[in-house]
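First comes the structure, then the notes that go with it.
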Amino acid sequence: MAESNKTVVFQAGNEEYAFPILYVVSIEKMEGMTAIPHMPDYVTGITKVRGDLIPVIDLEKVLYNRDIQVEDKTRLIVIETAEISIGALVRDAKEILEIPAENLKQPGLLAYQKTSFITGVANFDKRMIMLIDPETLIQSLEGIKEIKNYMQNEKQKLHN
């Protein structure tokens, strides 16, 4: 039997992307966010999800350099990596999809440093879905170390 990859498919810009389901903690409606001054422009603020404070990044800003337009379908995909939990603001969280290994292609674009977080493209008859590795995505964000430090300080304040 062919190996497959379970993913959470979402929309950013007009394209479809997917995170491996192993990284996805939850998909939330966007509610109550606190803006933080002097953060990188892709950080829209912090929010509380299930009692934890997490930074929120605008995936449209990261991918396309434009602000997301928050509407009814806008979702927050909560992702947990080895170092940090973040909320990724996306235009729409569409489905959980199992991508058969034979549908996954490795585009030559992967060599490009600024898109190294795109680990493959799922090629179907009528759609293409770009697979994003959350660990690589987060490492590629400018200023992420400061955000990790800030979040650790905030957590310590909560526990004191």
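FYI, nothing fancy with the structure tokens labels: chains A, B, ... in order, residues from 1 per chain, ligands from 1 as they appear.
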Report as a tab-separated table the residues of region 8-60 of chain A within 6 Å of region 129-144 of chain A, each with its shortest atom pair and distance in Å (one decimal), using only C-alpha atoms, ordered by chain and increasing residue number.
```
residue	atom	partner	partner_atom	distance
A:Glu16	CA	A:Ile129	CA	5.0
A:Tyr17	CA	A:Met130	CA	4.6
A:Ala18	CA	A:Leu131	CA	4.8
A:Phe19	CA	A:Ile132	CA	5.4
```
**Report entry** Residue set, region 3-158 of chain A restricted to helix (DSSP H, G or I), as a PyMOL selection string
**Finding:** chain A and resi 21-23+59-64+101-103+108-111+113-115+134-140+144-158
Next, write the just-selected residues to a file, as a tab-separated table (two decimals), in the first residue's frame, keeping N, CA and C atoms as the atom set.
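Once everything was written out, this is result.tsv:
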```
chain	number	residue	atom	x	y	z
A	21	ILE	N	-0.93	17.14	9.36
A	21	ILE	CA	-1.88	17.15	10.48
A	21	ILE	C	-1.18	16.97	11.83
A	22	LEU	N	-0.01	16.36	11.83
A	22	LEU	CA	0.73	16.14	13.08
A	22	LEU	C	1.04	17.44	13.81
A	23	TYR	N	1.15	18.54	13.08
A	23	TYR	CA	1.48	19.83	13.69
A	23	TYR	C	0.24	20.60	14.13
A	59	LEU	N	-0.63	34.57	7.59
A	59	LEU	CA	0.03	33.76	6.56
A	59	LEU	C	-0.01	34.44	5.20
A	60	GLU	N	-1.03	35.25	4.98
A	60	GLU	CA	-1.11	35.98	3.72
A	60	GLU	C	0.03	37.01	3.63
A	61	LYS	N	0.36	37.62	4.77
A	61	LYS	CA	1.47	38.58	4.83
A	61	LYS	C	2.80	37.86	4.58
A	62	VAL	N	2.96	36.68	5.19
A	62	VAL	CA	4.19	35.91	5.03
A	62	VAL	C	4.36	35.46	3.57
A	63	LEU	N	3.28	34.96	2.97
A	63	LEU	CA	3.37	34.39	1.63
A	63	LEU	C	3.28	35.43	0.51
A	64	TYR	N	2.43	36.43	0.69
A	64	TYR	CA	2.14	37.37	-0.40
A	64	TYR	C	2.43	38.82	-0.09
A	101	ALA	N	1.18	9.44	-1.64
A	101	ALA	CA	2.57	9.77	-1.94
A	101	ALA	C	2.80	9.96	-3.44
A	102	GLU	N	2.09	9.20	-4.26
A	102	GLU	CA	2.31	9.33	-5.71
A	102	GLU	C	1.79	10.67	-6.26
A	103	ASN	N	0.95	11.37	-5.51
A	103	ASN	CA	0.47	12.69	-5.95
A	103	ASN	C	1.39	13.82	-5.50
A	108	GLY	N	11.21	22.07	-8.40
A	108	GLY	CA	12.55	22.65	-8.41
A	108	GLY	C	12.63	23.92	-7.58
A	109	LEU	N	11.47	24.52	-7.29
A	109	LEU	CA	11.43	25.76	-6.51
A	109	LEU	C	11.96	25.57	-5.10
A	110	LEU	N	12.02	24.31	-4.66
A	110	LEU	CA	12.43	24.05	-3.28
A	110	LEU	C	13.84	24.54	-3.01
A	111	ALA	N	14.63	24.66	-4.04
A	111	ALA	CA	16.00	25.13	-3.87
A	111	ALA	C	16.04	26.62	-3.51
A	113	GLN	N	15.72	29.67	-1.40
A	113	GLN	CA	15.80	29.80	0.05
A	113	GLN	C	14.53	30.40	0.68
A	114	LYS	N	13.93	31.38	0.04
A	114	LYS	CA	12.78	32.06	0.66
A	114	LYS	C	11.52	31.20	0.68
A	115	THR	N	11.50	30.12	-0.10
A	115	THR	CA	10.33	29.23	-0.06
A	115	THR	C	10.72	27.83	0.37
A	134	PRO	N	5.74	23.38	8.88
A	134	PRO	CA	5.66	24.45	9.89
A	134	PRO	C	7.00	24.78	10.56
A	135	GLU	N	7.81	23.75	10.84
A	135	GLU	CA	9.11	24.00	11.49
A	135	GLU	C	9.96	24.93	10.62
A	136	THR	N	10.08	24.60	9.33
A	136	THR	CA	10.90	25.39	8.41
A	136	THR	C	10.29	26.77	8.21
A	137	LEU	N	8.95	26.83	8.12
A	137	LEU	CA	8.27	28.12	7.96
A	137	LEU	C	8.62	29.04	9.12
A	138	ILE	N	8.47	28.55	10.33
A	138	ILE	CA	8.72	29.38	11.50
A	138	ILE	C	10.18	29.80	11.57
A	139	GLN	N	11.10	28.87	11.27
A	139	GLN	CA	12.53	29.22	11.28
A	139	GLN	C	12.87	30.29	10.24
A	140	SER	N	12.09	30.32	9.15
A	140	SER	CA	12.39	31.28	8.08
A	140	SER	C	11.88	32.69	8.37
A	144	ILE	N	11.80	35.78	14.63
A	144	ILE	CA	11.09	34.74	15.38
A	144	ILE	C	11.73	34.48	16.75
A	145	LYS	N	13.04	34.65	16.88
A	145	LYS	CA	13.69	34.42	18.18
A	145	LYS	C	13.12	35.36	19.24
A	146	GLU	N	12.94	36.63	18.85
A	146	GLU	CA	12.39	37.61	19.78
A	146	GLU	C	10.97	37.23	20.19
A	147	ILE	N	10.21	36.71	19.24
A	147	ILE	CA	8.83	36.32	19.54
A	147	ILE	C	8.82	35.14	20.50
A	148	LYS	N	9.70	34.17	20.28
A	148	LYS	CA	9.80	33.01	21.19
A	148	LYS	C	10.13	33.51	22.60
A	149	ASN	N	11.10	34.44	22.70
A	149	ASN	CA	11.48	34.99	24.00
A	149	ASN	C	10.31	35.71	24.66
A	150	TYR	N	9.59	36.51	23.88
A	150	TYR	CA	8.44	37.25	24.40
A	150	TYR	C	7.39	36.28	24.95
A	151	MET	N	7.09	35.22	24.17
A	151	MET	CA	6.07	34.27	24.59
A	151	MET	C	6.49	33.52	25.86
A	152	GLN	N	7.78	33.19	25.97
A	152	GLN	CA	8.26	32.53	27.19
A	152	GLN	C	8.11	33.46	28.40
A	153	ASN	N	8.42	34.75	28.22
A	153	ASN	CA	8.27	35.71	29.31
A	153	ASN	C	6.81	35.85	29.72
A	154	GLU	N	5.91	35.89	28.73
A	154	GLU	CA	4.48	36.02	29.03
A	154	GLU	C	3.97	34.80	29.81
A	155	LYS	N	4.42	33.61	29.41
A	155	LYS	CA	4.01	32.39	30.11
A	155	LYS	C	4.49	32.40	31.54
A	156	GLN	N	5.73	32.86	31.75
A	156	GLN	CA	6.28	32.92	33.10
A	156	GLN	C	5.48	33.90	33.96
A	157	LYS	N	5.06	35.03	33.38
A	157	LYS	CA	4.24	35.99	34.13
A	157	LYS	C	2.93	35.36	34.56
A	158	LEU	N	2.34	34.56	33.66
A	158	LEU	CA	1.06	33.90	33.97
A	158	LEU	C	1.20	32.90	35.11
```
Report task. Go ahead and compute the interatomic distance for CA of Asp52 (chain A) and CA of Phe10 (chain A), in Å to one decimal. Result -> 23.1 Å
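Pairwise distance (CA of Val43 (chain A), CA of Ile68 (chain A)) equals 11.5 Å.
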Query raised in the report: Quick one: DSSP strand (DSSP E) residues in chain A, as a ChimeraX atom specification?
Result: /A:4-12,15-20,24-29,43-49,52-58,75-80,85-90,92-100,104-105,118-123,128-132
Report summary line: Atom pair CA of Gln106 (chain A) + CA of Gly120 (chain A), distance 4.8 Å
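Excluding Ala35 (chain A) and any residue on its chain fewer than 4 positions from it, the residues at most 7 Å away by only C-alpha atoms are Thr44, Gly45 and Ile46 of chain A.
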Write to file, as a tab-separated table (two decimals), in the first residue's frame, the residues of the selection just made, with N, CA and C atoms.
```tsv
chain	number	residue	atom	x	y	z
A	44	THR	N	0.20	39.58	13.83
A	44	THR	CA	-0.96	40.43	14.05
A	44	THR	C	-1.24	40.65	15.54
A	45	GLY	N	-0.66	39.81	16.39
A	45	GLY	CA	-0.85	39.97	17.83
A	45	GLY	C	-0.75	38.64	18.55
A	46	ILE	N	-1.33	38.60	19.76
A	46	ILE	CA	-1.39	37.34	20.50
A	46	ILE	C	-2.85	37.08	20.85
```
